[in-house]
Structure formats: C-alpha cells, structure tokens
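What follows is a set of notes on a single structure, which appears directly below.
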Amino acid sequence: MTGTRRPAVAGTGVRKSFGETVVLDGVDLEVAEGTIVALLGPNGAGKTTMVRILSTLVPADAGDLTVAGHDVRDDPNGVRKSIGLTGQFSAVDELLTGKENLQLMADLNHLGRAAGRARVAELLDRFDLADAAARPVRTYSGGMRRRLDLAMTLIGSPRVIFLDEPTTGLDPRSRREMWADIRRLAAGGVTILLTTQYLDEADELADRIAVLDRGRVVAEGTPDELKRRIPGGHVRLRFADPSTLSAAAALFDGASTDEERLVLRVPGEGDVASLRRLLERLDEASIPVEELSISRPDLDDVFFAVTGQPAPEQEAA
Amino acid sequence: MSSLAHTVGDSTTMLRRNLRRLRRYPSLTLLLVGMPIVFLLLFVYVFGGQLSHGLGTSLSGGRTGRAGYLNYVTPGILLMTVAAAVQGTAIVVAMDMTGGIIDRFRTMAIARSAVLTGHVLASLIQSIVSIAVVLGVAVALGFRPHADVLDWLAAIGLVSLFAFALIWLATALGLAAKSVETASNTPMILTLLPFLGSGFVPAASMPAGLRQFARYQPFTPTTETLRGLLTGTPIGSNAMAAIGWSVGIALASYLWARRLYSSRRPV
C-alpha cells in the first residue's frame with residue numbers, strides 16, 4: 001500500500017484477548033522500511049498491546065506478524081536482533097549512572113570493548129548527556145531519562161524501533177527535542193512505529209497514521225489523506241438546547257452532531273459566500289445559534305469522523 | 001561467538017550489573033547483615049548465660065557459660081544470615097520485574113537465562129560476604145571453632161549449597177510477587193525457621209509438636225551438620241538430610257523460577 005518498499009513491520013488479522021477482554025480485534029498494520037507510522041488512539045485502544053506483541057513480549061492469539069523479515073512467533077530472536085523498544089515506562093537502571101546504563105547495553109549487544117566504548121561516548125554526546133554521564137540516573141530529569149532510554153535502545157543500531165508513547169509526561173521543550181530526535185532517526189533510514197494519544201504528535205512525525213479504537217484500525221492513511229476525509233474543514237455551531245440542535249442538524253447533509261456539547265459540525269470551506277448561505281438557511285428556519293466558529297481540518301476532526309467519538313484529548317479534559 | 005560463550009558472557013554482564021547495584025545501594029545489605037548480628041549479640045549477651053545451663057559441654061564445644069552458648073549458637077546464626085540475605089534477592093528480583101528494564105532485557109537478543117543467573121550469582125557472592133562478616137563478628141566475640149582444613153572446606157561447601165538453594169527459592173518468590181513490598185515480606189518467614197529448629201536451643205528441649213516440626217524442616221539438619229563441622233558435635237545422618245534438602249529446594253525452586261520467568265504475565 002505504500003509503493004515499492006517492502007514492509008519492515010507487517011501484521012495481519014492480529015488478535016489478542018486477556019481473559020474476557022478483547023484487546024486487539026483483527027488488526028492489520030504495515031510499516032514500510034524507513035518510514036514513521038503512528039498508531040493513534042485513546043487509552044485502552046490496544047496500542048501498547050500491539051507494540052508488546054511486535055516486540056516479542058507477549059504472544060498474539062491469532063494473526064501473522066513479521067518484523068524485519070522475521071516471523072515474530074517462529075523466530076523471536078531474529079526479531080530481537082533487529083529491534084529496539086522504548087516503552088512507556090522508563091527502562092533504565094536507576095541505581096547505575098547514565099554511562100553505566102549505556103555500557104550495559106553495549107555489553108549485552110556484544111559490541112566488543114573498544115567499539116562499545118566508542119558507541120557509548122557517541123550516544124552520550126548525541127543525546128546531550130555527556131555532562132551527566134557519571135551521575136546516577138535517579139538524579140536525572142524526566143527529559144534526560146527519556147533521552148537515555150532512547151540512547152539505550154539505539155546502542156545496537158536497530159533497524160526497527162518501537163516507541164510506546166515516547167513523549168507522555170514530558171514538558172513541552174523535552175517533547176520537541178524528542179520529536180527532533182525521532183525525525184533524525186528516521187532520516188537515518190530507521191523504521192519507526194510509534195504509539196501516541198496526541199494527535200498533533202502523529203501529525204507532526206508520521207508518514208502514515210493508523211487510528212486504533214477499541215482494538216480495531218478504524219482509519220489508515222497519510223495525515224493529509226485523513227484530513228481530506230473532512231473536506232475543507234467545517235463550521236462549528238453551538239446551540240442552546242438539544243431540540244434546536246436536532247432542528248439545525250436536519251438542515252445540513254453530512255453534518256455531525258455532538259449532543260453532549262450541543263455542537264453541530266457542518267462541513268464546508270468557511271468562505272464568505274458559503275457562510276452567508278449557511279446563515280441564511282438557519283435564519284429561514286428561525287434557528288438561533290449561540291456560537292459560531294470556523295475550523296480548519298485537523299486530526300481531531302478525523303478522529304471524530306471515524307470513531308463517532310470526541311478525540312481522546314477532549315475526552316480527558 | 002558460540003551460544004555457550006554468549007550465555008556465559010551475558011550472565012557475566014548481568015552479574016557485574018547486579019554487584020554494581022549492590023555497591024550503590026549498600027543500605028539494603030547492611031540492614032540484612034545487621035539482623036543476624038543483632039540476634040547474635042542479643043542471644044549471647046542477654047540470654048546466653050541462662051541458656052548455657054541447659055546445654056551440656058558436648059554441645060558447646062567443650063566450653064561453659066556464655067562462651068559455650070556462643071559456640072552453640074554461631075552455626076544457627078550463620079544460617080540465619082543466609083535467610084536474611086536472600087530477602088535481598090527477592091527484593092532486587094522483584095524490583096527488576098516490576099520496573100521497565102526487564103522489558104528491555106526481554107526484547108534483546110540475549111541468553112534467556114542470563115537475567116536470573118546474574119541475580120543468583122550476585123546473591124551468592126553477597127551471601128558469602130555476609131556470612132564472612134557475621135563469622136568475623138562471632139570470632140571477635142570469642143567463637144572458637146575447632147575445625148581442620150577439610151572441615152572448613154566442607155562447611156563452606158555446605159553453607160554455599162544451602163545459600164544457593166534459598167537464593168533460587170527467593171528468586172522464585174521475587175518473580176511471583178506482584179510488588180516489591182510483597183517480595184520483601186514473603187521470605188521473612190525463612191528467618192524464623194532457625195528458631196523453630198536447633199539454631200538457638202536443642203530441638204529435643206521443645207514440646208512434641210514443635211519438636212516434630214523442627215526435625216523435619218531444612219534448617220535443623222543443616223544447622224546440625226554445620227555445628228558438627230565447626231565445633232565437633234555429632235553429625236550422623238544430618239549431613240545427608242542437609243544435602244538432600246538443599247538439592248531438593250534448589251531444583252524445585254529453579255524449575256518454578258524458570259517457569260515464572262518465561263510465562264510472566266503481561267502488564
């Protein structure tokens with residue numbers, strides 16, 4: 001689906017249940033070599049489970065999975081040799097120093113003494129940790145810890161990297177730094193699958209986005225493709241009560257209602273002529289509008305359109 | 001590199017990591033080695049004078065009074081040191097398993113056994129160092145073993161085997177624990193067992209039910225064997241029982257730990 005490059009990560013019909021709870025309900029996913037794909041969804045959508053399955057931590061109940069050409073079920077060690085995982089929870093040794101953590105990874109990657117040392121020094125520099133190299137990790141800030149975590153993942157030069165919510169809990173500055181690091185990795189030819197519940201993050205980083213909701217991929221495409229699903233943005237109208245809302249909804253084809261917020265989203269360019277027509281129709285029907293705003297399309301709209309639910313960030317607010 | 005070389009190399013790397021962690025976090029080791037020393041001081045100086053009256057000179061290395069009781073109680077205290085030290089094993093294993101780093105290890109192409117082997121070897125070294133420290137304190141207080149070189153070698157072998165068994169048990173308990181707190185509590189019962197055996201007073205002096213329990217629990221034959229090797233009391237069939245217990249506990253715990261490690265619940 002992404003042209004000629006063969007997929008570095010491919011999963012078809014992936015299912016996983018924990019007891020009675022279905023977490024993944026037939027997920028298809030493909031990440032072309034050298035690209036960034038974001039798995040976007042709210043908490044509990046199954047993003048982390050998908051990453052844990054791909055990185056050989058938990059077995060899938062059903063489905064075919066290959067990572068870097070290795071079958072996840074039959075050749076987990078082949079997969080492990082090709083991947084790096086930076087999970088949601090800090091995977092660093094708190095009691096060791098930053099340098100010792102990296103040296104540990106170099107040893108476990110069997111880099112050899114000299115090559116290992118060189119790689120450790122290089123990564124300390126690259127992630128701006130050289131000054132803190134001799135300090136125990138428990139004294140590190142959240143951003144430093146996350147950078148060390150990523151550096152540890154990179155020691156063995158993995159071709160495929162899984163990043164499970166790489167910026168959750170980071171302050172805005174560390175978040176932007178992490179984005180820059182991720183882009184640099186992708187520019188170096190590494191394949192990246194990242195999970196996120198931040199729509200702007202997926203938009204910012206990903207070549208393609210798969211929207212995951214309750215264990216299913218409900219939409220897939222480039223950020224632009226997804227945005228095009230709501231052509232030309234929309235006009236957002238807020239009403240005083242549910243009956244006015246439904247009266248207004250009946251006037252416009254393709255409008256979506258958010259009954260909780262008494263909001264109607266009418267697809268449209270938001271240019272003066274179409275806006276005038278829209279207001280005239282509301283006037284003719286004598287429907288009072290409390291508030292009007294014009295939105296350019298963003299991924300919030302996509303999420304709303306494909307899941308029929310407000311985006312997770314709004315949900316949390 | 002061959003896979004055996006990888007296994008050895010990875011295990012050595014993990015051992016180095018764990019020893020480094022022990023050095024960085026000495027309060028845990030100090031706390032665990034402090035406990036048997038406190039009990040040694042308490043029992044020798046507070047209860048020792050009185051308790052020594054119930055012991056014949058045959059049980060106390062030919063000495064009487066407090067010095068005699070010190071000779072009697074030291075082997076029990078040494079095994080209590082092992083029981084205390086393995087509490088640390090359960091704690092560090094649980095710390096690893098409940099933290100994020102275990103996922104990193106499990107997604108790397110490293111020998112599967114290296115993580116647990118690293119913990120067990122580090123704990124073994126920690127236990128042996130702890131025992132040496134406690135033995136040093138006992139000697140400083142006046143403990144006078146009459147063991148020859150062979151006795152010493154046998155005693156070291158016995159204690160190491162016993163420590164190895166309890167370390168695997170604590171490793172399994174650490175793997176089974178859902179939190180570090182649980183892991184630090186469960187093995188505590190091990191430190192009680194020397195009391196319910198022949199660690200502090202002869203089992204023969206206990207009421208029937210307790211005596212039966214004392215007879216059929218691992219600390220009793222191990223204590224008796226160690227006491228025999230260090231102070232010359234009769235050993236008899238205790239040696240075989242002690243070795244049997246250790247081998248049995250080590251094997252069962254190893255299999256249990258291995259199963260827990262490979263089938264760990266997803267978070």
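Chain labels A, B, ... are given in the sequence in which chains occur in the structure tokens; within each chain residues are numbered consecutively from 1, and ligands are likewise numbered from 1 in the order shown.
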
Hey, list the chain B side of the contact with chain A: 8 Å cut-off, only C-alpha atoms, answer as a CSV table (one decimal) with C-alpha atoms, in the first residue's frame.
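Okay, this is what ended up in result27.csv:
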```csv
chain,number,residue,atom,x,y,z
B,10,ASP,CA,25.6,-12.3,29.1
B,13,THR,CA,27.5,-8.8,32.3
B,17,ARG,CA,25.4,-5.1,36.9
B,20,ARG,CA,27.4,-2.8,41.0
B,21,ARG,CA,23.9,-2.2,42.1
B,24,ARG,CA,25.4,1.5,45.0
B,25,TYR,CA,22.7,0.5,47.4
B,99,GLY,CA,10.3,-2.0,36.6
B,100,GLY,CA,10.6,-1.1,33.0
B,101,ILE,CA,14.1,-2.5,32.4
B,102,ILE,CA,13.0,-6.2,32.3
B,103,ASP,CA,11.0,-5.5,29.1
B,104,ARG,CA,14.2,-4.1,27.6
B,106,ARG,CA,13.4,-9.5,27.2
B,107,THR,CA,13.3,-7.7,23.8
B,108,MET,CA,17.1,-8.0,23.4
B,109,ALA,CA,18.8,-11.0,21.8
B,110,ILE,CA,20.5,-12.1,25.0
B,266,PRO,CA,1.8,-9.2,30.5
```

Mind the document's chain letters and residue numbers, and return as a list in words the residues of stretch 58-200 of chain A that DSSP labels strand (DSSP E or B).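 The strand (DSSP E or B) residues within stretch 58-200 of chain A come out as Ala62, Gly63, Asp64, Leu65, Thr66, Val67, His70, Asp71, Ile83, Gly84, Leu85, Thr86, Thr97, Pro136, Val160, Ile161, Phe162, Leu163, Asp164, Thr191, Ile192, Leu193, Leu194, Thr195 and Thr196 of chain A.
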
Could you dump the residues just selected with C-alpha atoms as a CSV table (one decimal), in the first residue's frame?
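The resulting file, part_3.csv, is reproduced below:
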```csv
chain,number,residue,atom,x,y,z
A,62,ALA,CA,-4.0,-15.1,16.2
A,63,GLY,CA,-2.6,-13.3,13.1
A,64,ASP,CA,0.6,-13.2,11.1
A,65,LEU,CA,3.3,-10.9,12.2
A,66,THR,CA,6.7,-10.2,10.7
A,67,VAL,CA,9.3,-7.7,11.8
A,70,HIS,CA,11.5,-12.4,10.8
A,71,ASP,CA,8.3,-14.2,11.9
A,83,ILE,CA,14.5,-4.1,17.0
A,84,GLY,CA,14.7,-1.6,19.8
A,85,LEU,CA,11.9,-0.8,22.2
A,86,THR,CA,11.4,2.3,24.2
A,97,THR,CA,24.9,6.1,36.1
A,136,PRO,CA,23.2,8.0,38.9
A,160,VAL,CA,13.2,-1.1,13.5
A,161,ILE,CA,12.3,0.9,16.6
A,162,PHE,CA,9.1,0.8,18.6
A,163,LEU,CA,8.3,3.9,20.6
A,164,ASP,CA,5.4,3.4,23.0
A,191,THR,CA,11.9,2.3,10.5
A,192,ILE,CA,9.8,3.6,13.4
A,193,LEU,CA,6.4,2.6,14.8
A,194,LEU,CA,5.3,4.9,17.5
A,195,THR,CA,2.1,5.0,19.6
A,196,THR,CA,0.6,8.2,20.8
```

Nearby residues (only C-alpha atoms) at most 9 Å from A:Leu40, same-chain spacing under 4 positions excluded, as an mmCIF file with C-alpha atoms, in the first residue's frame:
```cif
data_model
loop_
_atom_site.group_PDB
_atom_site.id
_atom_site.type_symbol
_atom_site.label_atom_id
_atom_site.label_comp_id
_atom_site.auth_asym_id
_atom_site.auth_seq_id
_atom_site.Cartn_x
_atom_site.Cartn_y
_atom_site.Cartn_z
ATOM 1 C CA ALA A 45 -7.359 1.209 22.386
ATOM 2 C CA LYS A 47 -1.717 0.408 21.165
ATOM 3 C CA LEU A 194 5.254 4.901 17.490
ATOM 4 C CA THR A 195 2.120 4.960 19.554
ATOM 5 C CA THR A 196 0.600 8.158 20.764
ATOM 6 C CA GLN A 197 -2.591 9.592 22.076
ATOM 7 C CA TYR A 198 -1.555 13.049 20.946
ATOM 8 C CA LEU A 199 -2.996 13.942 17.590
ATOM 9 C CA ALA A 202 1.109 11.876 14.981
ATOM 10 C CA ILE A 209 -1.242 7.123 10.700
ATOM 11 C CA ALA A 210 -3.353 4.194 11.779
ATOM 12 C CA VAL A 211 -6.198 5.188 14.071
ATOM 13 C CA LEU A 212 -6.850 2.459 16.620
ATOM 14 C CA ASP A 213 -10.093 2.362 18.534
#
```

Write out as a PyMOL selection string all residues of stretch 25-114 of chain A that backbone DSSP assigns to alpha helix (DSSP H). chain A and resi 47-54+76-82+98-108+113-114

Quote the spacing between atom CA of A:Leu123 and atom CA of B:Gly9 in Å to one decimal place. 23.2 Å

Neighbour list for B:Thr57 as a list in words, cut-off 12 Å, only C-alpha atoms, skip fewer than 2 positions in-chain: Ser52, His53, Gly54, Leu55, Leu59, Ser60, Gly61, Gly62, Arg63, Thr64, Gly65, Arg66, Ala67, Gly68, Tyr69, Asn71, Tyr72, Thr231, Gly232 and Thr233 of chain B

May I have the selected residues written with N, CA and C atoms, as a tab-separated table (two decimals), in the first residue's frame?
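Result went into selection_1.tsv, see below:
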```
chain	number	residue	atom	x	y	z
B	52	SER	N	22.93	-21.29	78.50
B	52	SER	CA	24.07	-22.22	78.50
B	52	SER	C	23.88	-23.31	79.55
B	53	HIS	N	23.05	-23.03	80.58
B	53	HIS	CA	22.85	-24.04	81.63
B	53	HIS	C	22.19	-25.29	81.09
B	54	GLY	N	21.35	-25.11	80.05
B	54	GLY	CA	20.65	-26.27	79.53
B	54	GLY	C	21.49	-27.10	78.58
B	55	LEU	N	22.64	-26.57	78.17
B	55	LEU	CA	23.48	-27.28	77.22
B	55	LEU	C	24.55	-28.06	77.96
B	59	LEU	N	27.65	-30.09	73.64
B	59	LEU	CA	27.00	-29.29	72.61
B	59	LEU	C	27.66	-27.92	72.44
B	60	SER	N	28.52	-27.57	73.36
B	60	SER	CA	29.05	-26.21	73.31
B	60	SER	C	30.56	-26.19	73.14
B	61	GLY	N	31.04	-27.17	72.41
B	61	GLY	CA	32.45	-27.16	72.06
B	61	GLY	C	33.38	-27.22	73.27
B	62	GLY	N	32.93	-27.90	74.32
B	62	GLY	CA	33.78	-28.08	75.49
B	62	GLY	C	33.91	-26.86	76.38
B	63	ARG	N	33.08	-25.84	76.14
B	63	ARG	CA	33.20	-24.65	76.98
B	63	ARG	C	31.89	-24.45	77.75
B	64	THR	N	31.95	-23.63	78.75
B	64	THR	CA	30.76	-23.42	79.57
B	64	THR	C	30.33	-21.96	79.52
B	65	GLY	N	29.16	-21.72	80.10
B	65	GLY	CA	28.67	-20.35	80.24
B	65	GLY	C	28.44	-19.69	78.90
B	66	ARG	N	28.56	-18.36	78.92
B	66	ARG	CA	28.30	-17.54	77.73
B	66	ARG	C	29.15	-17.99	76.54
B	67	ALA	N	30.43	-18.30	76.78
B	67	ALA	CA	31.32	-18.72	75.71
B	67	ALA	C	30.84	-20.02	75.09
B	68	GLY	N	30.33	-20.89	75.93
B	68	GLY	CA	29.80	-22.16	75.43
B	68	GLY	C	28.57	-21.94	74.56
B	69	TYR	N	27.69	-21.03	75.00
B	69	TYR	CA	26.48	-20.77	74.21
B	69	TYR	C	26.84	-20.12	72.88
B	71	ASN	N	29.47	-20.72	71.15
B	71	ASN	CA	29.86	-21.82	70.27
B	71	ASN	C	28.64	-22.55	69.73
B	72	TYR	N	27.63	-22.70	70.60
B	72	TYR	CA	26.44	-23.43	70.17
B	72	TYR	C	25.65	-22.64	69.14
B	231	THR	N	32.30	-27.27	65.33
B	231	THR	CA	32.59	-27.42	66.76
B	231	THR	C	32.70	-28.87	67.20
B	232	GLY	N	32.58	-29.81	66.28
B	232	GLY	CA	32.84	-31.20	66.62
B	232	GLY	C	31.68	-31.96	67.26
B	233	THR	N	30.46	-31.41	67.24
B	233	THR	CA	29.32	-32.16	67.75
B	233	THR	C	28.98	-33.27	66.76
```

Please measure the separation of atom CA of A:Ser256 and atom CA of A:Asn43, giving the value in Å to one decimal.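 The value is 23.7 Å.
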
What lies within 9 Å of B:Ala138 using only C-alpha atoms, ignoring chain neighbours under 3 positions off, as a list in words? Ile37, Leu40, Leu41, Leu70, Asn71, Thr74, Val133, Val134, Leu135, Leu141, Gly142, Phe143 and Arg144 of chain B

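With only C-alpha atoms as the basis for measurement, A:Asp61 is the residue among A:Asp125, A:Asp61, A:Asp224, A:Asp253 that approaches A:Asp25 most closely.
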
Got a sec: who's within 10 Å of B:Gly197, counting only C-alpha atoms, leaving out chain neighbours fewer than 4 positions off, as number ranges by chain? B: 76, 192-193, 201-204, 206, 210-224

Would you write out those residues with N, CA and C atoms, as a PDB file, in the first residue's frame?
```
ATOM      1  N   GLY B  76      23.842 -21.607  63.913  1.00  0.00           N
ATOM      2  CA  GLY B  76      22.456 -21.208  63.644  1.00  0.00           C
ATOM      3  C   GLY B  76      22.388 -19.777  63.131  1.00  0.00           C
ATOM      4  N   LEU B 192      12.698 -16.998  60.444  1.00  0.00           N
ATOM      5  CA  LEU B 192      12.134 -17.545  61.684  1.00  0.00           C
ATOM      6  C   LEU B 192      12.510 -19.014  61.876  1.00  0.00           C
ATOM      7  N   LEU B 193      12.795 -19.677  60.750  1.00  0.00           N
ATOM      8  CA  LEU B 193      12.997 -21.123  60.823  1.00  0.00           C
ATOM      9  C   LEU B 193      14.165 -21.562  61.722  1.00  0.00           C
ATOM     10  N   VAL B 201      18.254 -23.300  70.471  1.00  0.00           N
ATOM     11  CA  VAL B 201      18.249 -24.276  71.570  1.00  0.00           C
ATOM     12  C   VAL B 201      18.066 -25.658  70.937  1.00  0.00           C
ATOM     13  N   PRO B 202      18.491 -26.721  71.614  1.00  0.00           N
ATOM     14  CA  PRO B 202      18.329 -28.053  71.029  1.00  0.00           C
ATOM     15  C   PRO B 202      16.851 -28.375  70.809  1.00  0.00           C
ATOM     16  N   ALA B 203      16.538 -28.973  69.661  1.00  0.00           N
ATOM     17  CA  ALA B 203      15.150 -29.304  69.350  1.00  0.00           C
ATOM     18  C   ALA B 203      14.579 -30.262  70.384  1.00  0.00           C
ATOM     19  N   ALA B 204      15.454 -31.046  71.004  1.00  0.00           N
ATOM     20  CA  ALA B 204      14.998 -32.039  71.982  1.00  0.00           C
ATOM     21  C   ALA B 204      14.322 -31.384  73.182  1.00  0.00           C
ATOM     22  N   MET B 206      12.152 -29.066  73.050  1.00  0.00           N
ATOM     23  CA  MET B 206      10.868 -28.455  72.681  1.00  0.00           C
ATOM     24  C   MET B 206       9.715 -29.401  72.926  1.00  0.00           C
ATOM     25  N   LEU B 210       6.216 -29.201  68.171  1.00  0.00           N
ATOM     26  CA  LEU B 210       7.275 -28.333  67.670  1.00  0.00           C
ATOM     27  C   LEU B 210       8.531 -29.148  67.358  1.00  0.00           C
ATOM     28  N   ARG B 211       8.755 -30.134  68.205  1.00  0.00           N
ATOM     29  CA  ARG B 211       9.941 -30.969  68.024  1.00  0.00           C
ATOM     30  C   ARG B 211       9.853 -31.713  66.688  1.00  0.00           C
ATOM     31  N   GLN B 212       8.647 -32.223  66.417  1.00  0.00           N
ATOM     32  CA  GLN B 212       8.431 -32.916  65.144  1.00  0.00           C
ATOM     33  C   GLN B 212       8.702 -31.973  63.977  1.00  0.00           C
ATOM     34  N   PHE B 213       8.146 -30.758  64.089  1.00  0.00           N
ATOM     35  CA  PHE B 213       8.352 -29.784  63.015  1.00  0.00           C
ATOM     36  C   PHE B 213       9.842 -29.505  62.846  1.00  0.00           C
ATOM     37  N   ALA B 214      10.515 -29.283  63.969  1.00  0.00           N
ATOM     38  CA  ALA B 214      11.938 -28.955  63.931  1.00  0.00           C
ATOM     39  C   ALA B 214      12.725 -30.065  63.243  1.00  0.00           C
ATOM     40  N   ARG B 215      12.311 -31.275  63.506  1.00  0.00           N
ATOM     41  CA  ARG B 215      13.055 -32.401  62.975  1.00  0.00           C
ATOM     42  C   ARG B 215      12.933 -32.461  61.451  1.00  0.00           C
ATOM     43  N   TYR B 216      11.765 -32.087  60.945  1.00  0.00           N
ATOM     44  CA  TYR B 216      11.527 -32.239  59.506  1.00  0.00           C
ATOM     45  C   TYR B 216      11.557 -30.926  58.741  1.00  0.00           C
ATOM     46  N   GLN B 217      12.334 -29.983  59.200  1.00  0.00           N
ATOM     47  CA  GLN B 217      12.495 -28.765  58.383  1.00  0.00           C
ATOM     48  C   GLN B 217      13.975 -28.590  58.043  1.00  0.00           C
ATOM     49  N   PRO B 218      14.252 -27.957  56.911  1.00  0.00           N
ATOM     50  CA  PRO B 218      15.620 -27.976  56.365  1.00  0.00           C
ATOM     51  C   PRO B 218      16.687 -27.345  57.248  1.00  0.00           C
ATOM     52  N   PHE B 219      16.303 -26.343  58.077  1.00  0.00           N
ATOM     53  CA  PHE B 219      17.341 -25.670  58.853  1.00  0.00           C
ATOM     54  C   PHE B 219      17.969 -26.590  59.893  1.00  0.00           C
ATOM     55  N   THR B 220      17.176 -27.534  60.433  1.00  0.00           N
ATOM     56  CA  THR B 220      17.687 -28.349  61.536  1.00  0.00           C
ATOM     57  C   THR B 220      18.865 -29.243  61.114  1.00  0.00           C
ATOM     58  N   PRO B 221      18.690 -30.094  60.102  1.00  0.00           N
ATOM     59  CA  PRO B 221      19.859 -30.916  59.728  1.00  0.00           C
ATOM     60  C   PRO B 221      21.034 -30.082  59.228  1.00  0.00           C
ATOM     61  N   THR B 222      20.725 -28.954  58.575  1.00  0.00           N
ATOM     62  CA  THR B 222      21.815 -28.108  58.063  1.00  0.00           C
ATOM     63  C   THR B 222      22.576 -27.487  59.233  1.00  0.00           C
ATOM     64  N   THR B 223      21.812 -27.017  60.252  1.00  0.00           N
ATOM     65  CA  THR B 223      22.456 -26.457  61.441  1.00  0.00           C
ATOM     66  C   THR B 223      23.315 -27.511  62.134  1.00  0.00           C
ATOM     67  N   GLU B 224      22.728 -28.694  62.301  1.00  0.00           N
ATOM     68  CA  GLU B 224      23.458 -29.763  62.995  1.00  0.00           C
ATOM     69  C   GLU B 224      24.745 -30.130  62.267  1.00  0.00           C
TER      70      GLU B 224
END
```
